[in-house]
file entry23.csv (CSV, C-alpha atoms and all ligand atoms)
chain,number,residue,atom,x,y,z
F,9,MET,CA,149.3,93.7,7.2
F,10,THR,CA,146.8,96.1,5.7
F,11,GLY,CA,146.1,99.4,7.4
F,12,PRO,CA,142.8,100.6,8.9
F,13,SER,CA,139.8,100.8,6.6
F,14,ALA,CA,136.3,102.3,7.0
F,15,THR,CA,135.3,99.1,8.8
F,16,THR,CA,138.4,98.8,11.0
F,17,LYS,CA,138.7,102.4,12.1
F,18,TYR,CA,138.6,101.4,15.8
F,19,THR,CA,140.3,98.0,15.7
F,20,GLY,CA,142.8,98.8,13.0
F,21,GLN,CA,144.4,101.9,14.5
F,22,LEU,CA,147.6,100.2,15.6
F,23,ILE,CA,148.2,98.2,12.5
F,24,ASP,CA,151.9,98.4,11.5
F,25,LYS,CA,152.6,101.0,14.2
F,26,ARG,CA,155.8,100.7,16.1
F,27,VAL,CA,155.1,100.2,19.8
F,28,LEU,CA,157.9,100.1,22.4
F,29,ILE,CA,157.1,98.6,25.7
F,30,VAL,CA,159.8,99.2,28.3
F,31,GLY,CA,159.1,96.6,30.9
F,32,GLY,CA,157.4,94.3,28.4
F,33,THR,CA,159.1,91.1,29.4
F,34,SER,CA,156.6,90.3,32.2
F,35,GLY,CA,153.5,91.3,34.0
F,36,ILE,CA,151.5,94.3,32.9
F,37,GLY,CA,154.0,95.2,30.1
F,38,TYR,CA,153.9,91.7,28.7
F,39,ALA,CA,150.1,91.9,28.5
F,40,VAL,CA,150.4,95.3,26.7
F,41,ALA,CA,152.7,93.6,24.3
F,42,GLU,CA,150.1,90.8,23.6
F,43,ALA,CA,147.4,93.4,23.1
F,44,ALA,CA,149.5,95.5,20.7
F,45,LEU,CA,150.4,92.4,18.7
F,46,GLU,CA,146.8,91.4,18.5
F,47,HIS,CA,146.1,94.9,17.1
F,48,GLY,CA,148.7,94.4,14.4
F,49,ALA,CA,151.5,96.5,15.8
F,50,ARG,CA,155.2,96.0,15.4
F,51,VAL,CA,156.4,95.5,19.0
F,52,THR,CA,159.7,96.0,20.8
F,53,ILE,CA,159.9,94.8,24.4
F,54,VAL,CA,162.6,95.7,26.9
F,55,GLY,CA,163.6,94.2,30.3
F,56,LYS,CA,166.7,93.9,32.4
F,57,GLN,CA,167.4,90.2,32.3
F,58,VAL,CA,168.5,88.5,29.1
F,59,PRO,CA,167.0,85.0,29.8
F,60,LYS,CA,163.7,86.5,30.8
F,61,LEU,CA,163.7,88.6,27.6
F,62,GLU,CA,164.4,85.6,25.5
F,63,LYS,CA,161.6,83.6,27.2
F,64,ALA,CA,159.1,86.4,26.6
F,65,LEU,CA,160.1,86.8,23.0
F,66,ALA,CA,159.7,83.0,22.5
F,67,GLN,CA,156.4,82.9,24.3
F,68,LEU,CA,155.0,85.8,22.3
F,69,SER,CA,156.2,84.3,19.0
F,70,ALA,CA,154.6,81.0,19.9
F,71,THR,CA,151.3,82.6,20.9
F,72,TYR,CA,151.2,85.0,17.9
F,73,PRO,CA,153.0,83.3,15.0
F,74,THR,CA,151.3,85.4,12.3
F,75,GLN,CA,151.5,88.7,14.1
F,76,THR,CA,155.2,88.3,15.0
F,77,ALA,CA,156.4,86.9,11.6
F,78,GLY,CA,159.0,88.8,9.6
F,79,SER,CA,160.7,90.5,12.6
F,80,ARG,CA,157.6,92.3,13.8
F,81,LEU,CA,158.7,91.5,17.3
F,82,GLN,CA,162.1,92.3,18.8
F,83,GLY,CA,163.6,93.0,22.2
F,84,MET,CA,166.6,94.4,24.1
F,85,ALA,CA,167.9,93.8,27.6
F,86,ARG,CA,169.3,96.8,29.4
F,87,ASP,CA,169.5,97.8,33.1
F,88,LEU,CA,167.7,101.1,33.3
F,89,GLY,CA,168.3,101.3,37.0
F,90,ASP,CA,172.0,101.9,36.5
F,91,SER,CA,172.4,105.7,36.5
F,92,PRO,CA,175.8,105.9,34.8
F,93,THR,CA,174.6,104.0,31.7
F,94,VAL,CA,170.8,104.8,31.7
F,95,GLU,CA,171.0,107.6,29.1
F,96,SER,CA,173.0,105.6,26.6
F,97,SER,CA,170.7,102.6,27.2
F,98,VAL,CA,167.7,104.8,26.5
F,99,GLN,CA,169.2,105.9,23.2
F,100,GLU,CA,170.1,102.4,22.1
F,101,ILE,CA,166.5,101.2,22.9
F,102,LEU,CA,164.9,104.0,21.0
F,103,GLN,CA,167.2,103.3,18.0
F,104,LEU,CA,166.2,99.7,17.9
F,105,ALA,CA,162.5,100.4,18.3
F,106,ALA,CA,162.4,103.1,15.6
F,107,GLY,CA,164.5,101.0,13.2
F,108,SER,CA,164.6,102.7,9.8
F,109,GLY,CA,161.4,104.5,10.5
F,110,LYS,CA,159.7,106.3,13.4
F,111,LEU,CA,158.3,105.0,16.6
F,112,GLN,CA,154.6,105.8,17.2
F,113,HIS,CA,153.9,104.7,20.8
F,114,LEU,CA,156.1,104.3,24.0
F,115,VAL,CA,154.8,102.5,27.1
F,116,ILE,CA,156.9,102.4,30.2
F,117,THR,CA,156.0,99.9,32.9
F,118,ALA,CA,159.5,99.0,34.0
F,119,ALA,CA,160.2,99.2,37.7
F,120,ASP,CA,161.9,97.1,40.4
F,121,MET,CA,159.0,95.4,42.2
F,122,THR,CA,160.9,94.5,45.3
F,123,PRO,CA,158.9,95.8,48.3
F,124,PRO,CA,160.2,99.2,49.4
F,125,PRO,CA,162.1,99.7,52.7
F,126,PRO,CA,160.2,101.2,55.6
F,127,VAL,CA,160.9,104.9,56.2
F,128,SER,CA,163.1,103.9,59.2
F,129,GLU,CA,165.5,102.0,56.8
F,130,VAL,CA,165.6,104.4,53.9
F,131,THR,CA,169.1,105.4,52.7
F,132,ALA,CA,170.1,107.9,50.0
F,133,GLU,CA,172.1,105.2,48.3
F,134,GLY,CA,169.3,102.7,48.4
F,135,LEU,CA,166.9,105.2,46.8
F,136,GLN,CA,169.3,105.7,43.8
F,137,ARG,CA,168.2,102.7,41.7
F,138,THR,CA,164.5,103.3,42.4
F,139,THR,CA,164.7,106.9,41.3
F,140,THR,CA,166.8,106.0,38.3
F,141,ILE,CA,164.3,103.4,36.9
F,142,ARG,CA,161.1,105.1,37.9
F,143,LEU,CA,161.9,108.8,37.2
F,144,MET,CA,165.2,109.3,35.5
F,145,ALA,CA,164.6,106.7,32.7
F,146,PRO,CA,161.2,108.2,31.7
F,147,LEU,CA,162.6,111.7,31.7
F,148,LEU,CA,165.5,110.6,29.5
F,149,PHE,CA,163.2,108.8,27.1
F,150,ALA,CA,161.3,112.1,26.9
F,151,LYS,CA,164.5,113.9,26.2
F,152,HIS,CA,165.5,111.7,23.3
F,153,LEU,CA,162.0,110.8,22.0
F,154,PRO,CA,161.7,113.6,19.4
F,155,GLY,CA,164.7,112.2,17.5
F,156,PHE,CA,162.9,108.8,17.1
F,157,MET,CA,159.2,109.6,17.1
F,158,ASP,CA,156.8,111.8,15.2
F,159,CYS,CA,155.7,114.0,18.1
F,160,ALA,CA,152.2,114.3,16.7
F,161,THR,CA,148.8,113.7,18.3
F,162,ALA,CA,148.6,110.2,16.7
F,163,SER,CA,151.6,109.2,18.8
F,164,SER,CA,151.8,108.7,22.6
F,165,MET,CA,154.0,108.1,25.6
F,166,THR,CA,152.3,106.3,28.5
F,167,LEU,CA,153.9,106.1,32.0
F,168,THR,CA,153.0,103.9,34.9
F,169,SER,CA,152.0,105.2,38.3
F,170,GLY,CA,150.0,103.3,40.8
F,171,ALA,CA,147.1,103.6,43.3
F,172,HIS,CA,149.8,104.2,46.0
F,173,ALA,CA,150.1,107.7,44.6
F,174,HIS,CA,146.6,108.5,46.0
F,175,LYS,CA,146.1,105.9,48.8
F,176,PRO,CA,149.4,104.6,50.1
F,177,ASP,CA,149.5,101.4,52.2
F,178,ALA,CA,151.5,101.5,55.4
F,179,GLY,CA,155.2,101.1,54.6
F,180,TRP,CA,154.9,102.2,51.0
F,181,SER,CA,156.0,105.8,51.3
F,182,VAL,CA,158.9,105.3,48.9
F,183,ILE,CA,156.7,104.0,46.1
F,184,ALA,CA,153.9,106.5,46.9
F,185,ALA,CA,156.5,109.3,46.4
F,186,HIS,CA,157.7,107.9,43.1
F,187,CYS,CA,154.2,107.2,41.8
F,188,GLY,CA,153.1,110.8,42.7
F,189,ALA,CA,156.2,112.1,41.0
F,190,VAL,CA,155.5,110.0,37.8
F,191,GLU,CA,152.1,111.6,37.6
F,192,SER,CA,153.5,115.1,37.9
F,193,LEU,CA,156.2,114.3,35.4
F,194,MET,CA,153.6,113.1,33.0
F,195,LYS,CA,151.7,116.4,33.2
F,196,GLY,CA,154.9,118.4,32.7
F,197,LEU,CA,155.8,116.2,29.7
F,198,ALA,CA,152.3,116.6,28.2
F,199,ILE,CA,153.0,120.3,28.0
F,200,ASP,CA,156.6,120.2,27.0
F,201,LEU,CA,156.3,117.5,24.3
F,202,ARG,CA,153.0,118.7,22.8
F,203,PRO,CA,151.3,117.9,20.5
F,204,LEU,CA,152.7,114.4,21.5
F,205,ARG,CA,150.2,112.9,23.9
F,206,VAL,CA,151.6,111.9,27.3
F,207,ASN,CA,149.5,110.0,29.9
F,208,ALA,CA,149.8,107.6,32.8
F,209,VAL,CA,148.1,104.5,34.0
F,210,ALA,CA,147.6,104.0,37.7
F,211,PRO,CA,147.0,100.3,38.4
F,212,GLY,CA,145.5,99.0,41.6
F,213,ALA,CA,146.3,95.5,42.9
F,214,ILE,CA,147.2,93.5,39.8
F,215,MET,CA,148.1,89.9,40.3
F,216,THR,CA,151.2,89.6,38.1
F,217,ASP,CA,153.7,86.8,38.6
F,218,VAL,CA,156.1,89.0,40.5
F,219,VAL,CA,153.3,90.1,42.9
F,220,LYS,CA,152.3,86.4,43.4
F,221,ASP,CA,155.9,85.5,44.2
F,222,ILE,CA,156.3,88.4,46.7
F,223,LEU,CA,153.0,87.4,48.4
F,224,GLY,CA,154.0,83.7,48.6
F,225,PRO,CA,152.0,82.1,51.4
F,226,PHE,CA,150.0,85.3,51.9
F,227,TYR,CA,148.6,85.2,48.4
F,228,ASP,CA,145.1,83.9,49.4
F,229,GLN,CA,144.9,86.5,52.2
F,230,ALA,CA,146.0,89.3,49.9
F,231,ILE,CA,143.3,88.2,47.3
F,232,GLN,CA,140.7,88.3,50.0
F,233,LEU,CA,141.8,91.8,51.1
F,234,ALA,CA,141.9,93.0,47.5
F,235,LYS,CA,138.3,91.8,47.1
F,236,GLU,CA,137.2,93.6,50.2
F,237,LYS,CA,138.9,96.8,49.1
F,238,SER,CA,137.4,96.8,45.6
F,239,LEU,CA,133.9,97.6,44.3
F,240,VAL,CA,134.1,94.7,41.8
F,241,ALA,CA,135.0,92.1,44.4
F,242,SER,CA,138.2,91.0,42.8
F,243,ALA,CA,141.9,91.7,42.4
F,244,GLY,CA,143.0,92.8,38.9
F,245,ALA,CA,144.7,90.8,36.1
F,246,PRO,CA,147.4,92.1,33.7
F,247,GLU,CA,145.0,91.6,30.8
F,248,GLN,CA,142.5,94.0,32.3
F,249,VAL,CA,144.8,96.9,32.9
F,250,ALA,CA,146.5,96.3,29.5
F,251,GLN,CA,143.3,97.8,28.0
F,252,ALA,CA,144.0,101.1,29.7
F,253,TYR,CA,147.4,101.4,27.8
F,254,LEU,CA,145.7,100.4,24.6
F,255,TYR,CA,143.0,103.0,25.1
F,256,LEU,CA,145.6,105.7,25.7
F,257,MET,CA,147.4,104.8,22.5
F,258,LYS,CA,144.2,105.0,20.5
F,259,ASP,CA,142.3,108.0,21.8
F,260,THR,CA,144.1,110.9,20.1
F,261,TYR,CA,142.2,113.5,22.2
F,262,VAL,CA,143.5,112.3,25.6
F,263,THR,CA,146.7,113.8,27.1
F,264,GLY,CA,147.9,114.9,30.5
F,265,SER,CA,145.6,112.3,32.1
F,266,VAL,CA,145.9,109.6,34.7
F,267,LEU,CA,143.8,106.5,33.9
F,268,GLU,CA,143.0,104.4,37.0
F,269,SER,CA,142.4,100.7,36.6
F,270,ASN,CA,141.9,99.6,40.2
F,271,GLY,CA,138.4,98.1,40.7
F,272,GLY,CA,137.2,101.3,42.4
F,273,MET,CA,139.5,100.7,45.4
F,274,LEU,CA,139.8,104.4,46.1
F,275,LEU,CA,136.0,104.6,46.7
F,276,ALA,CA,135.6,101.3,48.6
B,301,LIG,N1,151.3,94.7,39.8
B,301,LIG,C1,150.7,95.6,40.6
B,301,LIG,O1,149.9,95.3,41.5
B,301,LIG,C2,151.0,97.0,40.4
B,301,LIG,C3,150.2,98.0,41.1
B,301,LIG,C4,150.5,99.3,40.9
B,301,LIG,C5,151.5,99.7,40.0
B,301,LIG,N2,152.2,98.8,39.4
B,301,LIG,C6,153.3,99.2,38.5
B,301,LIG,O2,153.2,98.6,37.3
B,301,LIG,C7,154.5,98.4,36.7
B,301,LIG,C8,154.7,96.9,36.3
B,301,LIG,O3,154.4,96.1,37.3
B,301,LIG,P1,154.4,94.5,37.1
B,301,LIG,O4,153.6,93.9,38.2
B,301,LIG,O5,154.0,94.2,35.7
B,301,LIG,O6,156.0,94.1,37.3
B,301,LIG,P2,156.9,93.1,36.6
B,301,LIG,O7,156.1,91.9,36.1
B,301,LIG,O8,158.0,92.8,37.5
B,301,LIG,O9,157.4,93.8,35.3
B,301,LIG,C9,158.5,94.8,35.4
B,301,LIG,C10,159.2,94.9,34.1
B,301,LIG,O10,160.2,95.9,34.2
B,301,LIG,C11,161.4,95.3,33.9
B,301,LIG,N3,162.5,96.0,34.7
B,301,LIG,C12,162.6,96.0,36.1
B,301,LIG,N4,163.7,96.6,36.4
B,301,LIG,C13,164.3,97.0,35.3
B,301,LIG,C14,165.5,97.6,35.0
B,301,LIG,N5,166.3,98.0,36.0
B,301,LIG,N6,165.9,97.9,33.8
B,301,LIG,C15,165.1,97.4,32.7
B,301,LIG,N7,163.9,96.8,32.9
B,301,LIG,C16,163.5,96.6,34.2
B,301,LIG,C17,161.3,93.9,34.2
B,301,LIG,O11,162.3,93.1,33.6
B,301,LIG,P3,163.3,92.2,34.5
B,301,LIG,O12,162.4,91.4,35.4
B,301,LIG,O13,164.2,91.5,33.6
B,301,LIG,O14,164.1,93.2,35.4
B,301,LIG,C18,159.9,93.6,33.7
B,301,LIG,O15,159.9,93.5,32.3
B,301,LIG,C19,155.5,98.9,37.8
B,301,LIG,O16,155.8,100.2,37.5
B,301,LIG,C20,154.6,98.9,39.1
B,301,LIG,O17,155.0,99.8,40.0
B,301,LIG,C21,152.0,97.5,39.5

call {"tool": "encode", "arguments": {"input": "entry23.csv", "output": "structure tokens", "more": "lines below"}}
Ligand SMILES: NC(=O)c1ccc[n+]([C@@H]2O[C@H](COP(=O)([O-])OP(=O)(O)OC[C@H]3O[C@@H](n4cnc5c(N)ncnc54)[C@H](OP(=O)(O)O)[C@@H]3O)[C@@H](O)[C@H]2O)c1
result
Amino acid sequence: MTGPSATTKYTGQLIDKRVLIVGGTSGIGYAVAEAALEHGARVTIVGKQVPKLEKALAQLSATYPTQTAGSRLQGMARDLGDSPTVESSVQEILQLAAGSGKLQHLVITAADMTPPPPVSEVTAEGLQRTTTIRLMAPLLFAKHLPGFMDCATASSMTLTSGAHAHKPDAGWSVIAAHCGAVESLMKGLAIDLRPLRVNAVAPGAIMTDVVKDILGPFYDQAIQLAKEKSLVASAGAPEQVAQAYLYLMKDTYVTGSVLESNGGMLLA
């Protein structure tokens, strides 16, 4: 592919850049992978389950035969919720994504989407995996990133929070706590890793496949509720919020920011 020219200075910014999407095998991360490929990037996706990774790689290759040709798309399956192995997994992932060069953009959407336990059922043991995948893994990526990335303003790390950080639903204290912590972590990293840019996306109700599965028979009811709770009268789609991640990769003047994609639900 040819790099950006005078007439592609906006659309050509990601051409041939190495973009790692941790959580890119489904949902929001998968849509970010599609968007990055459409913009000419070399993409690495990561998830926990091998069959799901293989399916995602096959689907992306079938949808984008030109953009994925010549090993421009690759993937790795690792369990980033396993605290004894999380640091070595992070290093292996970064090694693969950087290849013989340097990584330019890291996006992390990975998280276990199982609904959290209510406060009355919280246990220290049960919290371990949630904290490992949502906080420990991003922090360890930050630790090892300078060895695999040019920590310059043209590069970026984007974390994922959620509207729960600012307006938790009943029963979601565990996730609210982690989303809030992710936003604070992002601000700390924006200072500690400067001039690398570090930001977070805070999605609202995004109808990814896992969310549809969890809602099951309550899907229609949840869509109605999401419509009522938004200023745009709809729930969100992964393709919509993917634009937020793309923007944060491309605007080299934005760092330490939380970008909300939630249909205005905090004002509704
Ligand atoms: N969808 C929403 O409404 C919404 C709203 C607010 C915030 N968010 C946030 O957005 C992010 C993505 O949500 P989503 O709906 O796109 O979820 P999703 O479709 O389930 O995607 C999660 C991704 O993370 C990977 N993953 C999960 N646990 C992992 C582990 N232990 N190790 C490695 N990879 C792991 C998954 O792979 P495997 O399936 O193979 O594990 C998958 O690739 C999450 O952080 C979520 O909290 C979502």

call {"tool": "closest_residue", "arguments": {"input": "entry23.csv", "among": "F:Ser238, F:Ser128, F:Gln75, F:Thr138", "to": "ligand LIG 301 (chain B)", "atoms": "only C-alpha atoms and all ligand atoms"}}
result
F:Thr138

call {"tool": "closest_atom_pairs", "arguments": {"input": "entry23.csv", "of": "chain F", "to": "ligand LIG 301 (chain B)", "cutoff": "7 Å", "atoms": "all atoms listed in the file", "output": "Markdown table"}}
result
| residue | atom | partner | partner_atom | distance |
| --- | --- | --- | --- | --- |
| F:Val30 | CA | B:LIG301 | N7 | 6.6 |
| F:Gly31 | CA | B:LIG301 | O15 | 3.5 |
| F:Gly32 | CA | B:LIG301 | O15 | 4.7 |
| F:Thr33 | CA | B:LIG301 | O15 | 3.8 |
| F:Ser34 | CA | B:LIG301 | O7 | 4.2 |
| F:Gly35 | CA | B:LIG301 | O7 | 3.4 |
| F:Ile36 | CA | B:LIG301 | O5 | 3.8 |
| F:Gly37 | CA | B:LIG301 | O5 | 5.7 |
| F:Val54 | CA | B:LIG301 | N7 | 6.2 |
| F:Gly55 | CA | B:LIG301 | N7 | 3.7 |
| F:Lys56 | CA | B:LIG301 | O13 | 3.7 |
| F:Gln57 | CA | B:LIG301 | O13 | 3.7 |
| F:Val58 | CA | B:LIG301 | O13 | 6.9 |
| F:Lys60 | CA | B:LIG301 | O13 | 5.8 |
| F:Leu61 | CA | B:LIG301 | O13 | 6.7 |
| F:Ala85 | CA | B:LIG301 | C15 | 6.8 |
| F:Arg86 | CA | B:LIG301 | C15 | 5.4 |
| F:Asp87 | CA | B:LIG301 | N6 | 3.7 |
| F:Leu88 | CA | B:LIG301 | N6 | 3.7 |
| F:Gly89 | CA | B:LIG301 | N5 | 4.0 |
| F:Asp90 | CA | B:LIG301 | N5 | 6.9 |
| F:Thr117 | CA | B:LIG301 | C7 | 4.4 |
| F:Ala118 | CA | B:LIG301 | O10 | 3.2 |
| F:Ala119 | CA | B:LIG301 | C12 | 4.3 |
| F:Asp120 | CA | B:LIG301 | N4 | 4.4 |
| F:Met121 | CA | B:LIG301 | O8 | 5.5 |
| F:Ile141 | CA | B:LIG301 | N5 | 5.8 |
| F:Thr168 | CA | B:LIG301 | O16 | 5.3 |
| F:Ser169 | CA | B:LIG301 | C5 | 5.8 |
| F:Gly170 | CA | B:LIG301 | C5 | 4.0 |
| F:Ala171 | CA | B:LIG301 | C4 | 6.0 |
| F:Ala210 | CA | B:LIG301 | C5 | 6.2 |
| F:Pro211 | CA | B:LIG301 | C4 | 4.4 |
| F:Gly212 | CA | B:LIG301 | C3 | 4.8 |
| F:Ala213 | CA | B:LIG301 | O1 | 3.9 |
| F:Ile214 | CA | B:LIG301 | O1 | 3.7 |
| F:Met215 | CA | B:LIG301 | N1 | 5.8 |
| F:Thr216 | CA | B:LIG301 | O4 | 4.9 |
| F:Asp217 | CA | B:LIG301 | O7 | 6.2 |
| F:Val218 | CA | B:LIG301 | O8 | 5.2 |
| F:Val219 | CA | B:LIG301 | N1 | 5.9 |

call {"tool": "closest_residue", "arguments": {"input": "entry23.csv", "among": "F:Ala241, F:Val266, F:Val182, F:Ile222", "to": "F:Arg142", "atoms": "all atoms listed in the file"}}
result
F:Val182

call {"tool": "closest_residue", "arguments": {"input": "entry23.csv", "among": "F:Lys195, F:His174, F:Arg26, F:Lys258", "to": "F:Asn207", "atoms": "only C-alpha atoms"}}
result
F:Lys195

call {"tool": "closest_residue", "arguments": {"input": "entry23.csv", "among": "F:Lys17, F:Arg205, F:Arg80, F:Lys63", "to": "F:Ala44", "atoms": "all atoms listed in the file"}}
result
F:Arg80

call {"tool": "residues_around", "arguments": {"input": "entry23.csv", "residues": "F:Pro124", "least_positions_apart": "6", "cutoff": "8 Å", "atoms": "all atoms listed in the file", "output": "PyMOL selection string"}}
result
chain F and resi 179-180+182-183

call {"tool": "atom_distance", "arguments": {"input": "entry23.csv", "atom1": "atom CA of F:Gly244", "atom2": "atom CA of F:Phe149"}}
result
28.3 Å

call {"tool": "atom_distance", "arguments": {"input": "entry23.csv", "atom1": "atom CA of F:Tyr227", "atom2": "atom CA of F:Ser181"}}
result
22.1 Å

call {"tool": "residues_around", "arguments": {"input": "entry23.csv", "residues": "F:Ala243", "least_positions_apart": "3", "cutoff": "10 Å", "atoms": "only C-alpha atoms", "output": "PyMOL selection string"}}
result
chain F and resi 212-215+230-238+240+270-271+273
